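Structure file run_36.csv with CSV, C-alpha atoms and all ligand atoms:
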chain,number,residue,atom,x,y,z
J,1,MET,CA,-12.4,3.2,-73.4
J,2,GLU,CA,-9.7,3.9,-75.8
J,3,GLY,CA,-6.2,3.8,-74.2
J,4,VAL,CA,-7.8,2.8,-70.8
J,5,THR,CA,-9.7,-0.4,-70.9
J,6,ASP,CA,-7.2,-2.5,-72.8
J,7,ALA,CA,-7.2,-6.3,-72.4
J,8,PRO,CA,-5.3,-6.4,-69.0
J,9,MET,CA,-7.7,-3.8,-67.6
J,10,ARG,CA,-10.7,-5.7,-69.0
J,11,ALA,CA,-9.4,-8.8,-67.4
J,12,LEU,CA,-8.9,-7.1,-64.0
J,13,LEU,CA,-12.3,-5.4,-63.9
J,14,THR,CA,-14.3,-8.5,-65.0
J,15,GLU,CA,-12.6,-10.8,-62.5
J,16,GLN,CA,-15.3,-10.3,-59.9
J,17,GLY,CA,-17.9,-11.5,-62.4
J,18,SER,CA,-20.1,-8.4,-62.0
J,19,PHE,CA,-20.2,-7.2,-65.6
J,20,LEU,CA,-22.7,-8.8,-68.0
J,21,PHE,CA,-20.3,-8.0,-70.8
J,22,CYS,CA,-17.6,-5.5,-71.7
J,23,VAL,CA,-16.8,-3.6,-74.9
J,24,SER,CA,-13.4,-3.3,-76.6
J,25,GLU,CA,-11.7,0.0,-77.2
J,26,PHE,CA,-12.9,1.4,-80.6
J,27,LEU,CA,-11.4,0.0,-83.7
J,28,ARG,CA,-11.4,2.6,-86.5
J,29,VAL,CA,-12.6,1.5,-89.9
J,30,THR,CA,-11.9,3.8,-92.8
J,31,ASP,CA,-11.9,2.5,-96.4
J,32,GLN,CA,-10.3,-0.8,-95.5
J,33,VAL,CA,-11.4,-3.6,-93.3
J,34,PRO,CA,-8.8,-3.9,-90.5
J,35,PRO,CA,-6.6,-7.0,-91.0
J,36,THR,CA,-7.0,-9.9,-88.6
J,37,SER,CA,-3.7,-9.0,-86.9
J,38,VAL,CA,-5.2,-5.6,-85.9
J,39,PHE,CA,-8.3,-7.3,-84.5
J,40,TYR,CA,-6.1,-9.7,-82.5
J,41,ARG,CA,-3.8,-6.9,-81.3
J,42,HIS,CA,-6.7,-4.8,-80.0
J,43,ILE,CA,-8.9,-7.6,-78.8
J,44,PRO,CA,-6.7,-10.6,-77.9
J,45,GLU,CA,-9.7,-12.1,-76.2
J,46,LEU,CA,-10.9,-13.1,-79.7
J,47,LYS,CA,-8.4,-15.9,-79.5
J,48,GLN,CA,-10.3,-17.2,-76.4
J,49,GLN,CA,-13.9,-17.2,-77.7
J,50,SER,CA,-14.1,-13.5,-77.1
J,51,LEU,CA,-14.1,-14.0,-73.4
J,52,THR,CA,-12.0,-12.3,-70.7
J,53,PRO,CA,-9.9,-14.8,-68.7
J,54,SER,CA,-12.7,-15.0,-66.1
J,55,GLY,CA,-15.3,-15.6,-68.8
J,56,THR,CA,-17.0,-12.3,-69.4
J,57,PRO,CA,-18.0,-11.7,-73.1
J,58,VAL,CA,-16.2,-8.9,-75.0
J,59,LEU,CA,-18.0,-7.0,-77.7
J,60,VAL,CA,-16.0,-5.5,-80.5
J,61,GLN,CA,-16.6,-1.8,-81.0
J,62,LEU,CA,-16.2,-0.4,-84.5
J,63,LEU,CA,-16.0,3.3,-85.4
J,64,GLY,CA,-16.4,4.9,-88.8
J,65,GLY,CA,-18.8,6.4,-91.3
J,66,ASN,CA,-18.6,3.9,-94.2
J,67,ALA,CA,-21.6,1.5,-93.7
J,68,GLN,CA,-20.3,-1.1,-96.1
J,69,LYS,CA,-16.8,-1.2,-94.7
J,70,LEU,CA,-18.2,-1.3,-91.1
J,71,ALA,CA,-20.4,-4.2,-92.2
J,72,GLU,CA,-17.5,-6.1,-93.7
J,73,SER,CA,-15.4,-5.4,-90.6
J,74,ALA,CA,-18.3,-6.7,-88.4
J,75,ILE,CA,-18.4,-9.9,-90.5
J,76,ARG,CA,-14.6,-10.3,-89.9
J,77,ALA,CA,-15.0,-9.7,-86.2
J,78,VAL,CA,-17.7,-12.2,-85.9
J,79,SER,CA,-15.7,-14.8,-88.0
J,80,LEU,CA,-13.0,-14.3,-85.4
J,81,GLY,CA,-15.4,-15.0,-82.6
J,82,ALA,CA,-16.8,-11.6,-81.5
J,83,LYS,CA,-19.8,-12.0,-79.2
J,84,GLY,CA,-21.4,-8.8,-80.5
J,85,ILE,CA,-20.7,-5.6,-82.4
J,86,ASP,CA,-21.0,-2.1,-80.8
J,87,LEU,CA,-21.0,0.9,-83.1
J,88,ASN,CA,-19.4,4.0,-81.8
J,89,PHE,CA,-21.4,7.2,-82.5
J,90,GLY,CA,-20.1,9.0,-79.4
J,91,CYS,CA,-16.4,9.7,-79.7
J,92,PRO,CA,-15.8,13.5,-79.4
J,93,ALA,CA,-12.1,13.5,-80.6
J,94,PRO,CA,-11.7,16.2,-83.2
J,95,THR,CA,-9.4,14.0,-85.5
J,96,VAL,CA,-11.9,11.2,-85.4
J,97,ASN,CA,-14.8,13.6,-86.1
J,98,ARG,CA,-13.0,15.3,-89.0
J,99,HIS,CA,-12.7,11.9,-90.6
J,100,ASP,CA,-16.3,11.0,-90.5
J,101,GLY,CA,-16.3,9.0,-87.3
J,102,GLY,CA,-17.8,9.0,-83.8
J,103,ALA,CA,-20.1,11.8,-82.7
J,104,THR,CA,-20.1,13.6,-86.0
J,105,LEU,CA,-22.6,11.0,-87.3
J,106,LEU,CA,-25.1,12.3,-84.7
J,107,LYS,CA,-25.8,15.2,-87.1
J,108,TYR,CA,-27.2,12.7,-89.7
J,109,PRO,CA,-29.9,10.4,-88.4
J,110,LYS,CA,-30.4,8.9,-91.8
J,111,ARG,CA,-26.7,7.8,-91.8
J,112,LEU,CA,-27.1,6.3,-88.4
J,113,PHE,CA,-30.0,4.3,-89.8
J,114,GLU,CA,-28.0,3.3,-92.8
J,115,ILE,CA,-24.9,2.2,-90.8
J,116,VAL,CA,-26.9,0.2,-88.2
J,117,SER,CA,-29.1,-1.5,-90.8
J,118,THR,CA,-26.2,-2.4,-93.0
J,119,VAL,CA,-24.2,-3.9,-90.1
J,120,ARG,CA,-27.3,-5.6,-88.7
J,121,GLY,CA,-28.0,-7.1,-92.0
J,122,ALA,CA,-24.5,-8.4,-92.4
J,123,VAL,CA,-24.0,-10.5,-89.3
J,124,PRO,CA,-26.1,-13.4,-88.0
J,125,LEU,CA,-29.2,-12.5,-86.0
J,126,GLU,CA,-27.9,-14.1,-82.8
J,127,ILE,CA,-25.0,-11.6,-82.7
J,128,PRO,CA,-26.2,-8.4,-81.1
J,129,VAL,CA,-25.5,-5.1,-82.9
J,130,SER,CA,-25.7,-2.2,-80.5
J,131,ALA,CA,-25.1,1.6,-80.8
J,132,LYS,CA,-23.2,3.9,-78.4
J,133,VAL,CA,-24.4,7.5,-78.7
J,134,ARG,CA,-24.2,10.9,-77.1
J,135,LEU,CA,-27.3,13.0,-76.9
J,136,GLY,CA,-26.5,14.9,-80.0
J,137,TRP,CA,-23.7,17.0,-81.6
J,138,SER,CA,-24.7,20.2,-79.8
J,139,GLU,CA,-28.5,19.8,-79.1
J,140,PRO,CA,-29.5,17.3,-76.4
J,141,ASP,CA,-33.0,16.9,-77.9
J,142,ASP,CA,-31.5,15.4,-81.1
J,143,ILE,CA,-31.3,12.2,-79.1
J,144,PHE,CA,-34.9,11.3,-79.8
J,145,GLU,CA,-34.5,11.3,-83.6
J,146,ASN,CA,-31.2,9.6,-83.4
J,147,VAL,CA,-32.4,6.8,-81.2
J,148,GLU,CA,-35.4,6.3,-83.4
J,149,ALA,CA,-33.0,5.9,-86.3
J,150,VAL,CA,-30.8,3.3,-84.7
J,151,ALA,CA,-33.9,1.4,-83.5
J,152,LYS,CA,-35.3,1.4,-87.0
J,153,GLY,CA,-31.9,0.2,-88.2
J,154,GLY,CA,-32.3,-2.8,-86.0
J,155,ALA,CA,-30.0,-2.1,-83.1
J,156,SER,CA,-30.3,-4.6,-80.2
J,157,TRP,CA,-29.9,-1.8,-77.7
J,158,VAL,CA,-28.5,1.7,-77.4
J,159,THR,CA,-26.1,3.0,-74.8
J,160,ILE,CA,-26.6,6.7,-74.2
J,161,HIS,CA,-23.8,8.9,-72.8
J,162,ALA,CA,-26.0,11.7,-71.6
J,163,ARG,CA,-24.0,14.6,-72.9
J,164,THR,CA,-23.7,16.3,-76.3
J,165,ARG,CA,-20.5,16.2,-78.3
J,166,MET,CA,-19.9,19.9,-77.7
J,167,GLN,CA,-20.1,19.4,-74.0
J,168,GLY,CA,-17.1,17.1,-74.1
J,169,TYR,CA,-17.0,15.8,-70.5
J,170,ALA,CA,-18.3,19.0,-68.9
J,171,LYS,CA,-21.2,18.8,-66.4
J,172,PRO,CA,-24.2,18.5,-66.3
J,173,VAL,CA,-25.0,15.0,-67.5
J,174,PHE,CA,-28.6,14.9,-68.6
J,175,TRP,CA,-29.9,11.6,-67.2
J,176,ASP,CA,-33.5,12.9,-67.5
J,177,HIS,CA,-33.1,12.7,-71.3
J,178,ILE,CA,-32.3,9.0,-70.9
J,179,ARG,CA,-35.5,8.5,-69.1
J,180,ARG,CA,-37.5,10.3,-71.8
J,181,VAL,CA,-35.9,8.1,-74.5
J,182,ARG,CA,-36.5,4.9,-72.5
J,183,GLU,CA,-40.2,5.9,-72.1
J,184,LEU,CA,-40.6,6.0,-75.9
J,185,ARG,CA,-39.8,2.2,-75.9
J,186,PHE,CA,-38.0,2.2,-79.2
J,187,LEU,CA,-35.4,-0.3,-77.9
J,188,PRO,CA,-33.6,-1.2,-74.6
J,189,VAL,CA,-31.6,1.7,-73.3
J,190,VAL,CA,-28.4,1.5,-71.3
J,191,ALA,CA,-27.7,4.5,-69.2
J,192,ASN,CA,-24.2,6.0,-69.2
J,193,GLY,CA,-22.3,9.0,-67.9
J,194,ASP,CA,-20.9,10.1,-64.5
J,195,ILE,CA,-21.7,7.1,-62.4
J,196,TRP,CA,-18.7,7.5,-60.2
J,197,ASN,CA,-19.9,5.8,-57.1
J,198,PHE,CA,-22.8,3.8,-55.7
J,199,GLN,CA,-24.7,6.9,-54.7
J,200,ASP,CA,-24.5,8.2,-58.3
J,201,PHE,CA,-25.7,4.9,-59.6
J,202,LEU,CA,-28.8,5.0,-57.3
J,203,LYS,CA,-29.6,8.6,-58.5
J,204,CYS,CA,-29.1,7.5,-62.1
J,205,TYR,CA,-31.3,4.4,-61.5
J,206,GLU,CA,-34.1,6.5,-60.0
J,207,LEU,CA,-33.9,9.2,-62.6
J,208,THR,CA,-33.6,7.1,-65.7
J,209,GLY,CA,-35.6,4.0,-64.6
J,210,CYS,CA,-33.1,2.0,-66.6
J,211,GLU,CA,-32.2,-1.6,-65.8
J,212,HIS,CA,-28.8,-1.6,-67.5
J,213,PHE,CA,-25.9,0.7,-66.9
J,214,MET,CA,-22.6,1.2,-68.5
J,215,VAL,CA,-19.8,2.4,-66.2
J,216,GLY,CA,-16.7,3.7,-67.6
J,217,ARG,CA,-14.4,6.0,-65.7
J,218,GLY,CA,-16.1,5.2,-62.4
J,219,ALA,CA,-15.5,1.4,-62.8
J,220,VAL,CA,-11.8,2.0,-63.7
J,221,GLY,CA,-11.4,4.4,-60.7
J,222,ASN,CA,-13.1,2.0,-58.4
J,223,PRO,CA,-12.8,-1.6,-59.4
J,224,LEU,CA,-15.4,-2.6,-56.8
J,225,LEU,CA,-18.1,-0.3,-58.2
J,226,ALA,CA,-19.6,-2.8,-60.7
J,227,THR,CA,-19.8,-5.3,-57.9
J,228,SER,CA,-21.8,-3.0,-55.6
J,229,ILE,CA,-24.2,-2.2,-58.5
J,230,ASP,CA,-24.5,-5.9,-59.3
J,231,SER,CA,-25.2,-6.8,-55.7
J,232,PHE,CA,-28.0,-4.2,-55.7
J,233,PHE,CA,-29.7,-6.0,-58.6
J,234,GLN,CA,-29.1,-9.4,-56.9
J,235,LYS,CA,-31.0,-7.9,-54.0
J,236,LYS,CA,-28.0,-8.2,-51.7
J,237,ALA,CA,-27.4,-5.0,-49.8
J,238,PRO,CA,-24.1,-3.5,-51.1
J,239,SER,CA,-21.6,-4.0,-48.3
J,240,SER,CA,-19.7,-1.0,-47.1
J,241,GLN,CA,-16.5,-2.6,-48.5
J,242,PHE,CA,-18.1,-2.4,-51.9
J,243,ALA,CA,-19.6,1.0,-51.5
J,244,ASN,CA,-16.2,2.6,-50.6
J,245,ALA,CA,-13.7,3.2,-53.3
J,246,PRO,CA,-10.1,2.3,-52.7
J,247,ASP,CA,-8.5,5.4,-51.4
J,248,SER,CA,-5.2,4.8,-49.7
J,249,PRO,CA,-2.2,3.4,-51.6
J,250,GLY,CA,-2.6,0.2,-49.5
J,251,ASP,CA,-6.2,-0.1,-50.7
J,252,TRP,CA,-5.0,0.1,-54.3
J,253,ARG,CA,-2.1,-2.3,-53.9
J,254,PRO,CA,-3.9,-5.6,-54.6
J,255,PHE,CA,-5.5,-4.1,-57.8
J,256,VAL,CA,-2.2,-2.6,-59.0
J,257,GLU,CA,-0.3,-5.8,-58.4
J,258,ARG,CA,-2.9,-7.8,-60.2
J,259,PHE,CA,-2.9,-5.3,-63.1
J,260,VAL,CA,0.9,-5.6,-63.4
J,261,THR,CA,0.7,-9.4,-63.5
J,262,LEU,CA,-2.0,-9.3,-66.2
J,263,SER,CA,-0.2,-6.6,-68.2
J,264,GLN,CA,3.0,-8.6,-68.2
J,265,THR,CA,1.3,-11.3,-70.3
J,266,HIS,CA,0.7,-8.6,-73.0
J,267,THR,CA,3.8,-6.4,-72.9
J,268,ASP,CA,7.5,-6.7,-72.0
J,269,LYS,CA,7.8,-2.9,-71.5
J,270,PRO,CA,7.7,-2.1,-67.8
J,271,GLU,CA,7.7,1.7,-68.6
J,272,TYR,CA,4.4,1.2,-70.5
J,273,ILE,CA,2.9,-0.4,-67.4
J,274,VAL,CA,4.1,2.5,-65.3
J,275,ARG,CA,2.4,4.9,-67.7
J,276,ARG,CA,-0.8,2.9,-67.6
J,277,ILE,CA,-0.8,2.9,-63.7
J,278,LYS,CA,-0.3,6.6,-63.6
J,279,GLN,CA,-3.1,7.2,-66.1
J,280,TRP,CA,-5.4,4.9,-64.1
J,281,VAL,CA,-4.9,6.7,-60.8
J,282,LYS,CA,-5.3,10.0,-62.7
J,283,LEU,CA,-8.7,8.9,-63.9
J,284,ALA,CA,-9.6,7.9,-60.4
J,285,SER,CA,-8.6,11.2,-59.0
J,286,ILE,CA,-11.0,13.2,-61.2
J,287,GLU,CA,-13.8,12.8,-58.7
J,288,ARG,CA,-11.9,12.2,-55.4
J,289,SER,CA,-8.8,13.3,-53.7
J,290,LEU,CA,-5.8,11.0,-53.9
J,291,PRO,CA,-3.0,13.2,-52.6
J,292,TRP,CA,-0.4,10.4,-53.1
J,293,PHE,CA,-0.9,10.7,-56.8
J,294,GLU,CA,1.7,13.5,-56.8
J,295,GLU,CA,4.3,11.1,-55.5
J,296,LEU,CA,3.3,8.4,-58.0
J,297,LYS,CA,3.6,10.9,-60.9
J,298,ARG,CA,7.3,11.4,-60.1
J,299,THR,CA,8.2,7.7,-60.2
J,300,GLN,CA,9.9,6.3,-63.3
J,301,THR,CA,10.7,2.6,-63.0
J,302,LEU,CA,8.1,-0.1,-62.2
J,303,ASP,CA,9.8,-0.8,-58.9
J,304,GLU,CA,9.6,2.9,-57.9
J,305,CYS,CA,6.0,3.0,-59.0
J,306,LEU,CA,5.1,-0.1,-57.0
J,307,LYS,CA,6.8,1.3,-53.9
J,308,THR,CA,4.2,4.0,-53.8
J,309,PHE,CA,1.7,1.3,-53.0
J,310,ALA,CA,3.7,-0.4,-50.3
J,311,VAL,CA,2.1,-0.2,-46.9
J,401,LIG,C1,-10.1,8.2,-72.2
J,401,LIG,C2,-11.4,7.8,-72.6
J,401,LIG,C3,-11.5,7.0,-73.7
J,401,LIG,C4,-12.8,6.6,-74.2
J,401,LIG,N1,-12.9,5.7,-75.2
J,401,LIG,C5,-14.1,5.3,-75.6
J,401,LIG,C6,-14.3,4.3,-76.6
J,401,LIG,O1,-13.3,3.8,-77.2
J,401,LIG,N2,-15.5,3.9,-77.0
J,401,LIG,C7,-16.6,4.4,-76.3
J,401,LIG,O2,-17.7,4.0,-76.7
J,401,LIG,N3,-16.5,5.3,-75.4
J,401,LIG,C8,-15.3,5.8,-75.0
J,401,LIG,N4,-15.2,6.7,-74.0
J,401,LIG,C9,-16.5,7.2,-73.4
J,401,LIG,C10,-16.9,6.3,-72.2
J,401,LIG,O3,-17.3,5.1,-72.7
J,401,LIG,C11,-18.2,6.9,-71.5
J,401,LIG,O4,-19.2,7.1,-72.4
J,401,LIG,C12,-17.9,8.3,-70.9
J,401,LIG,O5,-16.6,8.3,-70.3
J,401,LIG,C13,-19.0,8.7,-69.9
J,401,LIG,O6,-19.2,7.6,-69.0
J,401,LIG,P1,-18.4,7.5,-67.6
J,401,LIG,O7,-18.7,8.8,-66.8
J,401,LIG,O8,-19.0,6.2,-66.9
J,401,LIG,O9,-16.9,7.4,-67.9
J,401,LIG,C14,-14.0,7.1,-73.5
J,401,LIG,C15,-13.8,8.0,-72.5
J,401,LIG,C16,-12.6,8.4,-72.0
J,401,LIG,C17,-12.5,9.3,-70.8
Give the structure from this file in structure tokens form.
Amino acid sequence: MEGVTDAPMRALLTEQGSFLFCVSEFLRVTDQVPPTSVFYRHIPELKQQSLTPSGTPVLVQLLGGNAQKLAESAIRAVSLGAKGIDLNFGCPAPTVNRHDGGATLLKYPKRLFEIVSTVRGAVPLEIPVSAKVRLGWSEPDDIFENVEAVAKGGASWVTIHARTRMQGYAKPVFWDHIRRVRELRFLPVVANGDIWNFQDFLKCYELTGCEHFMVGRGAVGNPLLATSIDSFFQKKAPSSQFANAPDSPGDWRPFVERFVTLSQTHTDKPEYIVRRIKQWVKLASIERSLPWFEELKRTQTLDECLKTFAV
């Protein structure tokens, strides 16, 4: 998630070993292949076999509409060690869409096919090439044609955020469409959208029948969420500790302190870390009440910020 799941956040969230893999923030490809330095800046894990410090593979996400340049960028990513390539056809940002990137491609299934097949053909077969989509630009039923296109292009799997571009992040999320796509058996389907807690996951699991789930904001807002989902699949009952999101500042403290330590290896700007912590808690407070966020918002230095979490 662009601006959210940077390398320190990926390191933190994968520390419990519950994610099968994670995906980088998107790297935009226009008419130039991004230089190696840009790959390293966005995905420092490439220098460590494309693994987070705890050993979770990181896939490189590319965004753009130029099939050839995306393929060349994928070749570069793989030459730098990427464990897989994910193609972003879901970003709803107007500037990205105006420049032929993200969800705008959902209007053109033939272009989805062209992009996926060109990238697929460019990188070794053992490197997965996946696609991240929304249901459509404005029409949820466009998902069927779009997924058929990415499947025919050779995508290893598709991750479906069950909203249209025009919906932005507004409710409802159409998990039922994910089920209907999965039942067509074009390719493996990863369900995504509005899994904020373990109960949401169970509903999504029942409604979609999927075996794989991508958790975004929910995983950031509750660093224990992926562990509770993983333990469900390991047939261990999720413990109440895992089912409950950290709510009080004291609950958050160990995560925040760890995040600061991890961030300090990437930046020497404490004010940047403060901004990231505020953004993090803001995301978490979308779906649950964290009244102390008001106090956190007013802090300026890292010391002041960390005092909010002192118990
Ligand atoms: C701030 C923000 C940045 C995002 N950046 C990306 C991105 O770079 N690539 C991507 O595939 N999805 C991105 N997304 C979308 C999420 O991956 C996900 O599809 C969406 O938030 C719905 O899932 P969730 O409810 O689990 O968060 C972003 C979402 C947000 C809120």
Distance query region 151-166 of chain J at most 7 Å, only C-alpha atoms, self and fewer than 3 positions along chain excluded, as a PyMOL selection string: chain J and resi 92+103+113-114+116-117+120+128-140+147-148+173-175+178+186-193
Protein and nucleic residues near ligand LIG 401 (chain J), 9 Å, all atoms listed in the file, as a PyMOL selection string: chain J and resi 1-5+23-27+61-63+86-92+102+131-134+159-163+169+173+192-196+213-220+283
If you keep C-alpha atoms, can you produce a file of those selected residues as a short mmCIF file (atom, residue, chain, number, x, y, z; two decimals), in the frame of the given file?
data_model
loop_
_atom_site.label_atom_id
_atom_site.label_comp_id
_atom_site.auth_asym_id
_atom_site.auth_seq_id
_atom_site.Cartn_x
_atom_site.Cartn_y
_atom_site.Cartn_z
CA MET J 1 -12.40 3.20 -73.40
CA GLU J 2 -9.70 3.90 -75.80
CA GLY J 3 -6.20 3.80 -74.20
CA VAL J 4 -7.80 2.80 -70.80
CA THR J 5 -9.70 -0.40 -70.90
CA VAL J 23 -16.80 -3.60 -74.90
CA SER J 24 -13.40 -3.30 -76.60
CA GLU J 25 -11.70 0.00 -77.20
CA PHE J 26 -12.90 1.40 -80.60
CA LEU J 27 -11.40 0.00 -83.70
CA GLN J 61 -16.60 -1.80 -81.00
CA LEU J 62 -16.20 -0.40 -84.50
CA LEU J 63 -16.00 3.30 -85.40
CA ASP J 86 -21.00 -2.10 -80.80
CA LEU J 87 -21.00 0.90 -83.10
CA ASN J 88 -19.40 4.00 -81.80
CA PHE J 89 -21.40 7.20 -82.50
CA GLY J 90 -20.10 9.00 -79.40
CA CYS J 91 -16.40 9.70 -79.70
CA PRO J 92 -15.80 13.50 -79.40
CA GLY J 102 -17.80 9.00 -83.80
CA ALA J 131 -25.10 1.60 -80.80
CA LYS J 132 -23.20 3.90 -78.40
CA VAL J 133 -24.40 7.50 -78.70
CA ARG J 134 -24.20 10.90 -77.10
CA THR J 159 -26.10 3.00 -74.80
CA ILE J 160 -26.60 6.70 -74.20
CA HIS J 161 -23.80 8.90 -72.80
CA ALA J 162 -26.00 11.70 -71.60
CA ARG J 163 -24.00 14.60 -72.90
CA TYR J 169 -17.00 15.80 -70.50
CA VAL J 173 -25.00 15.00 -67.50
CA ASN J 192 -24.20 6.00 -69.20
CA GLY J 193 -22.30 9.00 -67.90
CA ASP J 194 -20.90 10.10 -64.50
CA ILE J 195 -21.70 7.10 -62.40
CA TRP J 196 -18.70 7.50 -60.20
CA PHE J 213 -25.90 0.70 -66.90
CA MET J 214 -22.60 1.20 -68.50
CA VAL J 215 -19.80 2.40 -66.20
CA GLY J 216 -16.70 3.70 -67.60
CA ARG J 217 -14.40 6.00 -65.70
CA GLY J 218 -16.10 5.20 -62.40
CA ALA J 219 -15.50 1.40 -62.80
CA VAL J 220 -11.80 2.00 -63.70
CA LEU J 283 -8.70 8.90 -63.90
#
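Interatomic distance, CA of Thr36 (chain J) against CA of Gln68 (chain J): 17.6 Å.
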Exercise: Ser263 (chain J) partners within 12 Å, all atoms listed in the file, chain neighbours under 3 positions left out, as a PyMOL selection string: chain J and resi 5-12+255-260+266-277
Distance criterion (all atoms listed in the file): nearest to Thr265 (chain J) out of J:Gly17, J:Gly250, J:Pro34, J:Pro44: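 Distance minimum relative to Thr265 (chain J) lands on J:Pro44.
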Nearby residues (all atoms listed in the file) at most 9 Å from Ile127 (chain J), same-chain spacing under 6 positions excluded, as a ChimeraX atom specification: /J:78,82-85,120
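With distances restricted to only C-alpha atoms, J:Val58 is the closest residue to His42 (chain J) from J:Thr104, J:Cys305, J:Val58, J:Phe233.
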